[in-house]
$ cat my_file11.pdb   # PDB, C-alpha atoms
ATOM      1  CA  MET A 125     -31.333   0.608 -24.340
ATOM      2  CA  LYS A 126     -27.596   0.400 -24.813
ATOM      3  CA  LYS A 127     -27.050   2.902 -22.022
ATOM      4  CA  THR A 128     -28.987   0.805 -19.532
ATOM      5  CA  VAL A 129     -26.998  -2.276 -20.344
ATOM      6  CA  ILE A 130     -23.694  -0.492 -19.856
ATOM      7  CA  LEU A 131     -24.798   1.080 -16.594
ATOM      8  CA  LEU A 132     -25.986  -2.250 -15.226
ATOM      9  CA  PHE A 133     -22.746  -3.871 -16.184
ATOM     10  CA  ILE A 134     -20.737  -1.208 -14.370
ATOM     11  CA  LEU A 135     -22.846  -1.490 -11.237
ATOM     12  CA  PHE A 136     -22.592  -5.249 -11.360
ATOM     13  CA  SER A 137     -18.834  -5.241 -11.625
ATOM     14  CA  PHE A 138     -18.653  -2.903  -8.647
ATOM     15  CA  ALA A 139     -20.915  -5.189  -6.654
ATOM     16  CA  LEU A 140     -18.709  -8.184  -7.406
ATOM     17  CA  GLY A 141     -15.774  -6.541  -5.724
ATOM     18  CA  ASN A 142     -12.136  -7.288  -6.365
ATOM     19  CA  ALA A 143      -9.217  -8.352  -4.274
ATOM     20  CA  VAL A 144      -7.426  -5.362  -2.777
ATOM     21  CA  GLY A 145      -4.899  -7.297  -0.739
ATOM     22  CA  MET A 146      -3.789 -10.627   0.631
ATOM     23  CA  VAL A 147      -3.145 -12.328   3.966
ATOM     24  CA  LYS A 148       0.622 -12.646   4.480
ATOM     25  CA  SER A 149       0.889 -13.918   8.023
ATOM     26  CA  ILE A 150      -1.455 -15.228  10.694
ATOM     27  CA  THR A 151      -1.455 -16.684  14.194
ATOM     28  CA  GLY A 152      -4.426 -18.216  16.008
ATOM     29  CA  LYS A 153      -7.935 -17.647  14.686
ATOM     30  CA  VAL A 154      -8.884 -14.716  12.493
ATOM     31  CA  GLU A 155     -12.327 -14.367  10.954
ATOM     32  CA  LEU A 156     -13.540 -12.267   8.101
ATOM     33  CA  LYS A 157     -17.057 -10.963   7.599
ATOM     34  CA  ARG A 158     -17.866 -10.661   3.900
ATOM     35  CA  ASN A 159     -21.428  -9.732   2.970
ATOM     36  CA  LYS A 160     -23.340 -11.855   5.475
ATOM     37  CA  SER A 161     -21.011 -14.798   5.800
ATOM     38  CA  ILE A 162     -18.146 -15.411   8.198
ATOM     39  CA  LEU A 163     -14.986 -16.965   6.742
ATOM     40  CA  LEU A 164     -11.924 -18.282   8.526
ATOM     41  CA  LEU A 165      -8.796 -16.629   7.154
ATOM     42  CA  SER A 166      -5.512 -18.302   6.243
ATOM     43  CA  VAL A 167      -2.284 -17.237   4.557
ATOM     44  CA  GLY A 168      -2.748 -16.477   0.854
ATOM     45  CA  LYS A 169      -6.479 -15.621   1.101
ATOM     46  CA  SER A 170      -7.471 -12.424  -0.639
ATOM     47  CA  ILE A 171      -9.023  -9.410   1.028
ATOM     48  CA  GLU A 172     -11.726  -7.342  -0.658
ATOM     49  CA  ALA A 173     -13.191  -3.908  -0.129
ATOM     50  CA  GLY A 174     -16.067  -4.198   2.330
ATOM     51  CA  ASP A 175     -14.431  -6.955   4.370
ATOM     52  CA  ILE A 176     -14.363  -6.778   8.157
ATOM     53  CA  LEU A 177     -11.472  -8.513   9.922
ATOM     54  CA  MET A 178     -11.908  -9.897  13.430
ATOM     55  CA  THR A 179      -9.015 -11.355  15.385
ATOM     56  CA  LYS A 180      -9.755 -13.646  18.330
ATOM     57  CA  ARG A 181      -7.850 -13.945  21.622
ATOM     58  CA  LYS A 182      -4.130 -14.703  21.153
ATOM     59  CA  SER A 183      -4.539 -14.204  17.396
ATOM     60  CA  SER A 184      -3.007 -11.756  14.945
ATOM     61  CA  ILE A 185      -2.814 -11.118  11.216
ATOM     62  CA  GLY A 186      -0.603  -9.364   8.657
ATOM     63  CA  ILE A 187      -1.969  -8.092   5.332
ATOM     64  CA  ILE A 188      -0.365  -6.526   2.294
ATOM     65  CA  PHE A 189      -2.449  -4.368  -0.039
ATOM     66  CA  ASP A 190      -2.131  -3.940  -3.812
ATOM     67  CA  ASP A 191      -0.206  -0.680  -3.491
ATOM     68  CA  GLY A 192       2.247  -2.133  -0.961
ATOM     69  CA  SER A 193       0.513  -0.724   2.124
ATOM     70  CA  VAL A 194       0.939  -3.033   5.108
ATOM     71  CA  LEU A 195      -1.540  -3.639   7.929
ATOM     72  CA  ALA A 196      -1.078  -5.759  11.038
ATOM     73  CA  LEU A 197      -3.669  -6.456  13.735
ATOM     74  CA  GLY A 198      -3.155  -7.780  17.252
ATOM     75  CA  GLU A 199      -5.615  -9.852  19.279
ATOM     76  CA  ASN A 200      -9.283  -8.949  19.829
ATOM     77  CA  SER A 201      -9.305  -6.396  17.043
ATOM     78  CA  ILE A 202     -12.103  -5.395  14.670
ATOM     79  CA  PHE A 203     -11.097  -3.678  11.470
ATOM     80  CA  ALA A 204     -13.167  -2.746   8.404
ATOM     81  CA  ILE A 205     -11.703  -2.170   4.957
ATOM     82  CA  ASN A 206     -14.402   0.111   3.567
ATOM     83  CA  LYS A 207     -12.528   1.190   0.443
ATOM     84  CA  PHE A 208      -9.095   0.571  -0.970
ATOM     85  CA  ILE A 209      -8.812   2.207  -4.363
ATOM     86  CA  VAL A 210      -5.279   2.968  -5.561
ATOM     87  CA  GLN A 211      -5.225   3.241  -9.366
ATOM     88  CA  PRO A 212      -2.355   5.461 -10.551
ATOM     89  CA  ASP A 213      -3.184   4.920 -14.253
ATOM     90  CA  LYS A 214      -6.726   6.257 -13.725
ATOM     91  CA  ASN A 215      -5.687   8.801 -11.106
ATOM     92  CA  ARG A 216      -8.238   7.313  -8.701
ATOM     93  CA  TYR A 217      -7.434   7.137  -5.023
ATOM     94  CA  ASP A 218      -9.734   6.461  -2.078
ATOM     95  CA  VAL A 219      -8.663   4.553   1.002
ATOM     96  CA  ASP A 220     -11.130   4.301   3.866
ATOM     97  CA  LEU A 221     -10.350   2.117   6.861
ATOM     98  CA  ASN A 222     -12.195   1.832  10.153
ATOM     99  CA  MET A 223     -10.851   0.351  13.343
ATOM    100  CA  THR A 224     -13.336  -0.286  16.155
ATOM    101  CA  ILE A 225     -11.119  -1.901  18.770
ATOM    102  CA  GLY A 226      -7.718  -3.546  19.194
ATOM    103  CA  LYS A 227      -4.136  -2.882  18.179
ATOM    104  CA  ALA A 228      -2.808  -2.246  14.695
ATOM    105  CA  SER A 229       0.129  -1.035  12.696
ATOM    106  CA  PHE A 230      -0.275   0.584   9.300
ATOM    107  CA  THR A 231       2.346   1.602   6.772
ATOM    108  CA  SER A 232       1.206   3.328   3.630
ATOM    109  CA  GLY A 233       2.404   2.053   0.265
ATOM    110  CA  LYS A 234       2.298   3.908  -3.053
ATOM    111  CA  VAL A 235      -0.804   5.807  -1.999
ATOM    112  CA  GLY A 236       1.230   7.538   0.723
ATOM    113  CA  LYS A 237       3.413   9.062  -1.951
ATOM    114  CA  LEU A 238       0.930   9.557  -4.801
ATOM    115  CA  ALA A 239      -2.189  10.717  -2.938
ATOM    116  CA  PRO A 240      -1.632  10.830   0.839
ATOM    117  CA  GLU A 241      -4.703  13.032   1.368
ATOM    118  CA  SER A 242      -6.961  10.238   0.065
ATOM    119  CA  VAL A 243      -6.217   8.012   3.072
ATOM    120  CA  LYS A 244      -8.700   8.044   5.953
ATOM    121  CA  PHE A 245      -8.114   5.793   8.922
ATOM    122  CA  HIS A 246     -11.046   6.040  11.323
ATOM    123  CA  VAL A 247     -10.934   5.286  15.028
ATOM    124  CA  PRO A 248     -13.935   5.683  17.365
ATOM    125  CA  GLU A 249     -12.964   9.212  18.448
ATOM    126  CA  GLY A 250     -11.738  10.610  15.156
ATOM    127  CA  VAL A 251      -9.780  10.102  11.989
ATOM    128  CA  ILE A 252      -6.101   9.765  11.120
ATOM    129  CA  GLY A 253      -4.839  11.204   7.858
ATOM    130  CA  ILE A 254      -1.495  11.282   6.089
ATOM    131  CA  ARG A 255       0.027  14.636   5.305
ATOM    132  CA  GLY A 256       2.230  15.550   2.352
ATOM    133  CA  THR A 257       5.974  15.431   2.284
ATOM    134  CA  LYS A 258       7.813  17.983   4.347
ATOM    135  CA  PHE A 259      10.426  20.076   2.633
ATOM    136  CA  LEU A 260      13.090  22.642   3.442
ATOM    137  CA  VAL A 261      13.177  26.231   2.224
ATOM    138  CA  GLU A 262      16.157  28.501   2.229
ATOM    139  CA  ILE A 263      15.695  32.207   1.454
ATOM    140  CA  ASP A 264      18.621  34.452   0.928
TER
ATOM    141  CA  MET B 117       5.686   7.852 -11.381
ATOM    142  CA  ILE B 118       7.705   4.997 -10.004
ATOM    143  CA  ILE B 119       8.313   4.849  -6.320
ATOM    144  CA  LYS B 120      11.580   3.511  -5.055
ATOM    145  CA  TRP B 121      10.583   3.360  -1.424
ATOM    146  CA  PHE B 122       7.379   2.634   0.340
ATOM    147  CA  MET B 123       7.775   3.223   4.029
ATOM    148  CA  VAL B 124       6.055   6.561   4.242
ATOM    149  CA  VAL B 125       4.174   6.468   7.456
ATOM    150  CA  GLY B 126       4.214   3.874  10.164
ATOM    151  CA  LEU B 127       1.498   3.910  12.748
ATOM    152  CA  LEU B 128       0.503   1.990  15.810
ATOM    153  CA  PHE B 129      -2.844   2.086  17.487
ATOM    154  CA  PHE B 130      -4.068   0.971  20.808
ATOM    155  CA  MET B 131      -7.588   1.103  22.141
ATOM    156  CA  GLY B 132      -8.548   0.280  25.691
ATOM    157  CA  CYS B 133     -11.960  -0.739  27.057
ATOM    158  CA  SER B 134     -13.042   2.839  27.699
ATOM    159  CA  SER B 135     -12.622   3.436  23.976
ATOM    160  CA  LYS B 136      -9.494   5.498  24.269
ATOM    161  CA  SER B 137      -7.228   5.494  21.249
ATOM    162  CA  THR B 138      -3.507   6.095  21.166
ATOM    163  CA  VAL B 139      -1.803   6.906  17.884
ATOM    164  CA  VAL B 140       1.984   6.586  17.674
ATOM    165  CA  LEU B 141       4.142   7.477  14.698
ATOM    166  CA  ILE B 142       6.796   4.775  14.546
ATOM    167  CA  GLU B 143       8.677   5.384  11.347
ATOM    168  CA  ASN B 144       8.570   8.092   8.754
ATOM    169  CA  GLY B 145      11.203   6.716   6.415
ATOM    170  CA  LYS B 146      13.128   8.822   3.988
ATOM    171  CA  THR B 147      10.267  11.103   3.068
ATOM    172  CA  GLN B 148       9.645  12.580   6.518
ATOM    173  CA  ASN B 149       5.914  12.427   6.182
ATOM    174  CA  ALA B 150       3.524  13.062   8.998
ATOM    175  CA  VAL B 151       0.091  12.019  10.179
ATOM    176  CA  ILE B 152      -2.669  14.289  11.345
ATOM    177  CA  VAL B 153      -5.068  13.078  14.003
ATOM    178  CA  THR B 154      -8.427  14.845  13.971
ATOM    179  CA  THR B 155     -11.483  14.865  16.217
ATOM    180  CA  ASP B 156     -14.582  17.085  15.927
ATOM    181  CA  LYS B 157     -12.746  19.690  18.046
ATOM    182  CA  GLY B 158      -9.396  19.904  16.277
ATOM    183  CA  SER B 159      -6.192  18.190  15.140
ATOM    184  CA  GLN B 160      -2.676  17.288  16.184
ATOM    185  CA  THR B 161       0.127  16.531  13.739
ATOM    186  CA  LEU B 162       2.616  13.780  14.551
ATOM    187  CA  ASP B 163       5.848  14.198  12.632
ATOM    188  CA  SER B 164       8.620  12.636  14.670
ATOM    189  CA  VAL B 165       9.316   9.001  15.461
ATOM    190  CA  GLY B 166       7.780   7.961  18.771
ATOM    191  CA  SER B 167       5.451  10.944  19.039
ATOM    192  CA  PHE B 168       1.915  10.035  20.117
ATOM    193  CA  VAL B 169      -1.474  11.424  21.084
ATOM    194  CA  ASN B 170      -4.371   9.999  23.074
ATOM    195  CA  LEU B 171      -7.969  10.431  22.003
ATOM    196  CA  THR B 172     -10.725  10.240  24.603
ATOM    197  CA  ALA B 173     -13.872  11.334  22.764
ATOM    198  CA  LYS B 174     -15.103  12.718  19.467
ATOM    199  CA  ASP B 175     -16.031  16.013  21.058
ATOM    200  CA  ARG B 176     -12.680  16.515  22.804
ATOM    201  CA  LEU B 177      -9.360  17.699  21.397
ATOM    202  CA  PRO B 178      -6.573  15.135  20.923
ATOM    203  CA  SER B 179      -4.140  15.186  23.873
ATOM    204  CA  GLU B 180      -0.862  17.051  23.811
ATOM    205  CA  ILE B 181       1.868  15.322  21.838
ATOM    206  CA  LYS B 182       4.220  13.186  23.906
ATOM    207  CA  ILE B 183       7.062  10.842  23.040
ATOM    208  CA  MET B 184       6.836   7.107  23.650
ATOM    209  CA  SER B 185      10.139   5.346  24.299
ATOM    210  CA  LYS B 186      11.321   2.581  21.969
ATOM    211  CA  LYS B 187      11.075   0.200  24.898
ATOM    212  CA  GLU B 188       7.456   1.048  25.630
ATOM    213  CA  ILE B 189       6.525   0.778  21.945
ATOM    214  CA  ALA B 190       8.194  -2.638  21.745
ATOM    215  CA  GLU B 191       6.300  -3.831  24.836
ATOM    216  CA  ARG B 192       2.857  -2.430  24.111
ATOM    217  CA  PHE B 193       2.803  -3.449  20.460
ATOM    218  CA  LYS B 194       4.878  -6.636  20.667
ATOM    219  CA  GLU B 195       2.359  -8.971  18.960
ATOM    220  CA  VAL B 196       1.522  -6.427  16.247
ATOM    221  CA  ILE B 197       5.175  -5.792  15.382
ATOM    222  CA  ALA B 198       5.831  -9.557  15.334
ATOM    223  CA  ILE B 199       3.095 -10.244  12.753
ATOM    224  CA  THR B 200       3.791  -7.231  10.480
ATOM    225  CA  PRO B 201       4.678  -8.485   6.967
ATOM    226  CA  ASN B 202       7.797  -7.336   5.146
ATOM    227  CA  LYS B 203       7.238  -4.192   3.159
ATOM    228  CA  ALA B 204       6.833  -4.335  -0.595
ATOM    229  CA  LYS B 205       9.913  -4.074  -2.778
ATOM    230  CA  SER B 206      10.348  -2.358  -6.108
ATOM    231  CA  PHE B 207      12.922  -3.304  -8.737
ATOM    232  CA  ILE B 208      13.524  -1.047 -11.754
ATOM    233  CA  LEU B 209      14.971  -2.556 -14.928
ATOM    234  CA  TYR B 210      16.246  -0.329 -17.755
ATOM    235  CA  PHE B 211      16.081  -1.038 -21.493
ATOM    236  CA  GLU B 212      17.881  -0.201 -24.726
ATOM    237  CA  GLN B 213      15.917   1.985 -27.120
ATOM    238  CA  ASN B 214      12.879   0.592 -28.971
ATOM    239  CA  GLY B 215      12.767  -2.916 -27.682
ATOM    240  CA  VAL B 216      12.976  -5.468 -24.932
ATOM    241  CA  GLU B 217      16.775  -5.648 -24.629
ATOM    242  CA  LEU B 218      17.790  -5.022 -21.022
ATOM    243  CA  LEU B 219      20.812  -2.909 -20.166
ATOM    244  CA  PRO B 220      23.623  -5.171 -18.838
ATOM    245  CA  LYS B 221      23.364  -3.859 -15.252
ATOM    246  CA  SER B 222      19.609  -4.485 -15.197
ATOM    247  CA  LYS B 223      20.107  -8.182 -15.891
ATOM    248  CA  GLN B 224      21.557  -8.550 -12.405
ATOM    249  CA  ILE B 225      18.658  -6.566 -10.921
ATOM    250  CA  LEU B 226      16.262  -8.963 -12.630
ATOM    251  CA  LEU B 227      18.018 -11.857 -10.901
ATOM    252  CA  ASP B 228      17.752 -10.012  -7.584
ATOM    253  CA  ALA B 229      14.022  -9.510  -8.164
ATOM    254  CA  ILE B 230      13.536 -13.204  -8.955
ATOM    255  CA  ASP B 231      15.419 -14.079  -5.780
ATOM    256  CA  SER B 232      13.235 -11.731  -3.728
ATOM    257  CA  ILE B 233      10.023 -13.188  -5.215
ATOM    258  CA  ALA B 234      11.155 -16.747  -4.564
ATOM    259  CA  LYS B 235      11.759 -15.904  -0.900
ATOM    260  CA  ARG B 236       8.253 -14.507  -0.437
ATOM    261  CA  THR B 237       5.435 -16.968  -0.528
ATOM    262  CA  PRO B 238       2.640 -16.244  -0.962
ATOM    263  CA  CYS B 239       3.553 -13.382  -3.252
ATOM    264  CA  MET B 240       1.786 -10.867  -5.489
ATOM    265  CA  VAL B 241       3.712  -9.213  -8.318
ATOM    266  CA  ASP B 242       2.933  -6.232 -10.571
ATOM    267  CA  ILE B 243       5.012  -5.741 -13.708
ATOM    268  CA  ILE B 244       4.605  -2.280 -15.197
ATOM    269  CA  GLY B 245       6.309  -1.227 -18.430
ATOM    270  CA  HIS B 246       7.277   2.319 -19.431
ATOM    271  CA  THR B 247       8.879   4.135 -22.358
ATOM    272  CA  ASP B 248      10.553   7.459 -22.920
ATOM    273  CA  THR B 249       8.816  10.150 -24.997
ATOM    274  CA  THR B 250      10.350   9.342 -28.410
ATOM    275  CA  GLY B 251       7.748   8.024 -30.868
ATOM    276  CA  SER B 252       3.963   8.212 -30.794
ATOM    277  CA  ASN B 253       1.864   7.647 -27.674
ATOM    278  CA  GLN B 254       0.157   4.609 -29.214
ATOM    279  CA  ALA B 255       3.433   2.993 -30.255
ATOM    280  CA  ASN B 256       4.794   3.590 -26.772
ATOM    281  CA  MET B 257       1.783   1.887 -25.171
ATOM    282  CA  VAL B 258       2.603  -1.168 -27.282
ATOM    283  CA  VAL B 259       6.333  -1.090 -26.477
ATOM    284  CA  SER B 260       5.780  -0.622 -22.736
ATOM    285  CA  LEU B 261       3.417  -3.594 -22.616
ATOM    286  CA  LYS B 262       5.875  -5.646 -24.669
ATOM    287  CA  ARG B 263       8.596  -4.886 -22.116
ATOM    288  CA  ALA B 264       6.339  -5.863 -19.235
ATOM    289  CA  LYS B 265       5.294  -9.097 -20.978
ATOM    290  CA  TYR B 266       8.895  -9.950 -21.723
ATOM    291  CA  ILE B 267       9.852  -9.634 -18.053
ATOM    292  CA  ALA B 268       6.752 -11.630 -17.062
ATOM    293  CA  SER B 269       7.801 -14.405 -19.455
ATOM    294  CA  VAL B 270      11.196 -14.592 -17.740
ATOM    295  CA  LEU B 271       9.475 -14.994 -14.357
ATOM    296  CA  GLU B 272       7.053 -17.571 -15.730
ATOM    297  CA  LYS B 273       9.909 -19.650 -17.150
ATOM    298  CA  ARG B 274      11.328 -19.918 -13.641
ATOM    299  CA  GLY B 275       8.072 -21.462 -12.504
ATOM    300  CA  ILE B 276       7.807 -19.446  -9.315
ATOM    301  CA  PRO B 277       4.275 -19.799  -7.903
ATOM    302  CA  LEU B 278       2.509 -16.445  -7.568
ATOM    303  CA  GLU B 279      -0.805 -15.570  -5.937
ATOM    304  CA  SER B 280      -1.333 -12.883  -8.546
ATOM    305  CA  LEU B 281       0.522 -11.358 -11.481
ATOM    306  CA  LEU B 282      -0.516  -8.027 -12.960
ATOM    307  CA  ILE B 283       1.057  -6.973 -16.266
ATOM    308  CA  LYS B 284       0.573  -3.418 -17.497
ATOM    309  CA  GLY B 285       2.048  -0.935 -19.950
ATOM    310  CA  TYR B 286       1.793   2.761 -19.170
ATOM    311  CA  GLY B 287       3.562   3.953 -22.348
ATOM    312  CA  GLU B 288       4.906   7.463 -21.826
ATOM    313  CA  GLU B 289       2.033   8.403 -19.483
ATOM    314  CA  ASP B 290       3.897   7.928 -16.226
ATOM    315  CA  LEU B 291       7.502   9.071 -16.624
ATOM    316  CA  LEU B 292      10.087   8.384 -13.955
ATOM    317  CA  VAL B 293      11.922  11.529 -15.068
ATOM    318  CA  ALA B 294       9.891  14.374 -16.555
ATOM    319  CA  THR B 295      11.102  15.270 -20.069
ATOM    320  CA  PRO B 296       9.724  17.164 -23.080
ATOM    321  CA  ASP B 297       8.141  15.133 -25.892
ATOM    322  CA  ASN B 298      10.450  13.221 -28.279
ATOM    323  CA  GLN B 299      13.363  12.999 -25.894
ATOM    324  CA  ALA B 300      15.389   9.833 -25.470
ATOM    325  CA  GLU B 301      15.908   9.176 -21.767
ATOM    326  CA  VAL B 302      17.244   5.848 -20.552
ATOM    327  CA  ARG B 303      15.690   6.182 -17.085
ATOM    328  CA  ASN B 304      12.231   6.372 -18.630
ATOM    329  CA  ARG B 305      12.681   3.148 -20.596
ATOM    330  CA  ASN B 306      11.997   0.825 -17.730
ATOM    331  CA  VAL B 307       9.941  -1.918 -16.205
ATOM    332  CA  GLU B 308       9.058  -1.838 -12.555
ATOM    333  CA  ILE B 309       8.732  -5.168 -10.779
ATOM    334  CA  PHE B 310       6.667  -4.504  -7.669
ATOM    335  CA  VAL B 311       6.976  -7.404  -5.247
ATOM    336  CA  LYS B 312       4.359  -7.745  -2.516
TER
END
$ encode --input "my_file11.pdb" --output "structure tokens"
Amino acid sequence: MKKTVILLFILFSFALGNAVGMVKSITGKVELKRNKSILLLSVGKSIEAGDILMTKRKSSIGIIFDDGSVLALGENSIFAINKFIVQPDKNRYDVDLNMTIGKASFTSGKVGKLAPESVKFHVPEGVIGIRGTKFLVEID
Amino acid sequence: MIIKWFMVVGLLFFMGCSSKSTVVLIENGKTQNAVIVTTDKGSQTLDSVGSFVNLTAKDRLPSEIKIMSKKEIAERFKEVIAITPNKAKSFILYFEQNGVELLPKSKQILLDAIDSIAKRTPCMVDIIGHTDTTGSNQANMVVSLKRAKYIASVLEKRGIPLESLLIKGYGEEDLLVATPDNQAEVRNRNVEIFVK
């Protein structure tokens, strides 16, 4: 009985979702699809895993994530934040982003240093990943 | 681990109507990281500023790597660059042993952090406390959280509005400088103020 209760609670807290970032800058009209509703975004609004961002004509948006990663979208863009898990204390990392159309810039935050291989940025034809730090070797 | 810099990989994307993607590496900061662009047929690695590939379909290789001029980047991605928020900033404050007394130099850094937070609205802040490896793990968890809470109380007294404030203590679990157990190390007695 106890087990069931705990499991349900965990599932429930996952379903609730948590903020993974925040809107920092915006121009024009940017909408967000969360579950089945469409919300109009403004500066200071939080972004959650599962959200889909849609910028209209002559519109753009800048977002900062919990780990310091920065995303910007230009006009007529569609961008899904499937997962954004960066938890150094639990050693859990999973970032999954999906861009369907538009223009974007992305700069990785702490995740780029701590677990670059956990970042997947999908585009229609493939996926972009971050590779580990380069280093120099000298052999005498 | 505490990160002193955040700009690891900068990317720009462009997709036209025929669903063609362009990926440009625009900045790789101090760490010289790289991105790898993969389709079902294979990958290309971009590791220098301005290098780019085009993607035409899932079942085709990425194009050869070419270099995009600064001028072309600035023109094609003008609106995106204009709306890109400032990157996050990290401030590290160091402490005397066994308590919440800041080292003299760190008092100035705290003022710098407060200044930086005040200039960013809306702003999210994480305050993460750490200890060195002297003392027990449990005691260090307590001390690290105490340090973080102390710094948070200084911020709260200033009355700066924040969108979110996260206060955590990592004890000796996440050392800035790796040391053996029971070693005093000033660099590990710190609080990171992460300003977003």
$ atom_distance --input "my_file11.pdb" --atom1 "CA of Asn200 (chain A)" --atom2 "CA of Ile152 (chain B)"
25.6 Å
$ closest_atom_pairs --input "my_file11.pdb" --of "region 143-240 of chain A" --to "region 175-197 of chain B" --cutoff "6 Å" --atoms "all atoms listed in the file" --output "Markdown table"
| residue | atom | partner | partner_atom | distance |
| --- | --- | --- | --- | --- |
| A:Ala196 | CA | B:Val196 | CA | 5.9 |
| A:Leu197 | CA | B:Val196 | CA | 5.8 |
| A:Gly198 | CA | B:Val196 | CA | 5.0 |
$ closest_atom_pairs --input "my_file11.pdb" --of "chain A" --to "chain B" --cutoff "6 Å" --atoms "only C-alpha atoms" --output "CSV"
residue,atom,partner,partner_atom,distance
A:Gly168,CA,B:Pro238,CA,5.7
A:Gly186,CA,B:Thr200,CA,5.2
A:Gly192,CA,B:Ala204,CA,5.1
A:Ala196,CA,B:Thr200,CA,5.1
A:Leu197,CA,B:Val196,CA,5.8
A:Gly198,CA,B:Val196,CA,5.0
A:Ile225,CA,B:Met131,CA,5.7
A:Gly226,CA,B:Met131,CA,5.5
A:Lys227,CA,B:Phe130,CA,4.7
A:Ala228,CA,B:Phe129,CA,5.2
A:Ser229,CA,B:Leu128,CA,4.4
A:Phe230,CA,B:Leu127,CA,5.1
A:Thr231,CA,B:Gly126,CA,4.5
A:Ser232,CA,B:Val125,CA,5.8
A:Gly233,CA,B:Phe122,CA,5.0
A:Glu249,CA,B:Lys174,CA,4.2
A:Gly250,CA,B:Thr155,CA,4.4
A:Val251,CA,B:Thr154,CA,5.3
A:Ile252,CA,B:Val153,CA,4.5
A:Gly253,CA,B:Ile152,CA,5.1
A:Ile254,CA,B:Val151,CA,4.4
A:Arg255,CA,B:Ala150,CA,5.3
A:Thr257,CA,B:Asn149,CA,4.9
$ write_last_selection --input "my_file11.pdb" --atoms "C-alpha atoms" --output "PDB file, in the frame of the given file"
ATOM      1  CA  GLY A 168      -2.748 -16.477   0.854  1.00  0.00           C
ATOM      2  CA  GLY A 186      -0.603  -9.364   8.657  1.00  0.00           C
ATOM      3  CA  GLY A 192       2.247  -2.133  -0.961  1.00  0.00           C
ATOM      4  CA  ALA A 196      -1.078  -5.759  11.038  1.00  0.00           C
ATOM      5  CA  LEU A 197      -3.669  -6.456  13.735  1.00  0.00           C
ATOM      6  CA  GLY A 198      -3.155  -7.780  17.252  1.00  0.00           C
ATOM      7  CA  ILE A 225     -11.119  -1.901  18.770  1.00  0.00           C
ATOM      8  CA  GLY A 226      -7.718  -3.546  19.194  1.00  0.00           C
ATOM      9  CA  LYS A 227      -4.136  -2.882  18.179  1.00  0.00           C
ATOM     10  CA  ALA A 228      -2.808  -2.246  14.695  1.00  0.00           C
ATOM     11  CA  SER A 229       0.129  -1.035  12.696  1.00  0.00           C
ATOM     12  CA  PHE A 230      -0.275   0.584   9.300  1.00  0.00           C
ATOM     13  CA  THR A 231       2.346   1.602   6.772  1.00  0.00           C
ATOM     14  CA  SER A 232       1.206   3.328   3.630  1.00  0.00           C
ATOM     15  CA  GLY A 233       2.404   2.053   0.265  1.00  0.00           C
ATOM     16  CA  GLU A 249     -12.964   9.212  18.448  1.00  0.00           C
ATOM     17  CA  GLY A 250     -11.738  10.610  15.156  1.00  0.00           C
ATOM     18  CA  VAL A 251      -9.780  10.102  11.989  1.00  0.00           C
ATOM     19  CA  ILE A 252      -6.101   9.765  11.120  1.00  0.00           C
ATOM     20  CA  GLY A 253      -4.839  11.204   7.858  1.00  0.00           C
ATOM     21  CA  ILE A 254      -1.495  11.282   6.089  1.00  0.00           C
ATOM     22  CA  ARG A 255       0.027  14.636   5.305  1.00  0.00           C
ATOM     23  CA  THR A 257       5.974  15.431   2.284  1.00  0.00           C
TER      24      THR A 257
END
$ closest_residue --input "my_file11.pdb" --among "A:Ile162, A:Val219, A:Val167, A:Ile176" --to "Phe245 (chain A)" --atoms "only C-alpha atoms"
A:Val219
$ atom_distance --input "my_file11.pdb" --atom1 "CA of Ile309 (chain B)" --atom2 "CA of Leu165 (chain A)"
27.6 Å
$ atom_distance --input "my_file11.pdb" --atom1 "CA of Arg305 (chain B)" --atom2 "CA of Ile230 (chain B)"
20.1 Å
$ resolve_selection --input "my_file11.pdb" --expression "the PyMOL selection byres ((chain A and resi 173) around 8)" --output "number ranges by chain"
A: 141-144, 171-172, 174-175, 205-208
$ closest_residue --input "my_file11.pdb" --among "B:Ile233, B:Leu226, B:Ala294, B:Leu282" --to "Phe211 (chain B)" --atoms "all atoms listed in the file"
B:Leu226
$ closest_residue --input "my_file11.pdb" --among "A:Val210, A:Ile185, A:Val235, A:Met223" --to "Pro248 (chain A)" --atoms "all atoms listed in the file"
A:Met223
$ residues_around --input "my_file11.pdb" --residues "Val302 (chain B)" --least-positions-apart "3" --cutoff "12 Å" --atoms "only C-alpha atoms" --output "ChimeraX atom specification"
/B:208-214,218-219,222,246-250,291-295,299,305-307
$ write_last_selection --input "my_file11.pdb" --atoms "C-alpha atoms" --output "compact mmCIF listing (two decimals), in the frame of the given file"
# COMPACT_ATOMS: atom_id res chain seq x y z
CA ILE B 208 13.52 -1.05 -11.75
CA LEU B 209 14.97 -2.56 -14.93
CA TYR B 210 16.25 -0.33 -17.76
CA PHE B 211 16.08 -1.04 -21.49
CA GLU B 212 17.88 -0.20 -24.73
CA GLN B 213 15.92 1.98 -27.12
CA ASN B 214 12.88 0.59 -28.97
CA LEU B 218 17.79 -5.02 -21.02
CA LEU B 219 20.81 -2.91 -20.17
CA SER B 222 19.61 -4.49 -15.20
CA HIS B 246 7.28 2.32 -19.43
CA THR B 247 8.88 4.14 -22.36
CA ASP B 248 10.55 7.46 -22.92
CA THR B 249 8.82 10.15 -25.00
CA THR B 250 10.35 9.34 -28.41
CA LEU B 291 7.50 9.07 -16.62
CA LEU B 292 10.09 8.38 -13.96
CA VAL B 293 11.92 11.53 -15.07
CA ALA B 294 9.89 14.37 -16.56
CA THR B 295 11.10 15.27 -20.07
CA GLN B 299 13.36 13.00 -25.89
CA ARG B 305 12.68 3.15 -20.60
CA ASN B 306 12.00 0.82 -17.73
CA VAL B 307 9.94 -1.92 -16.20
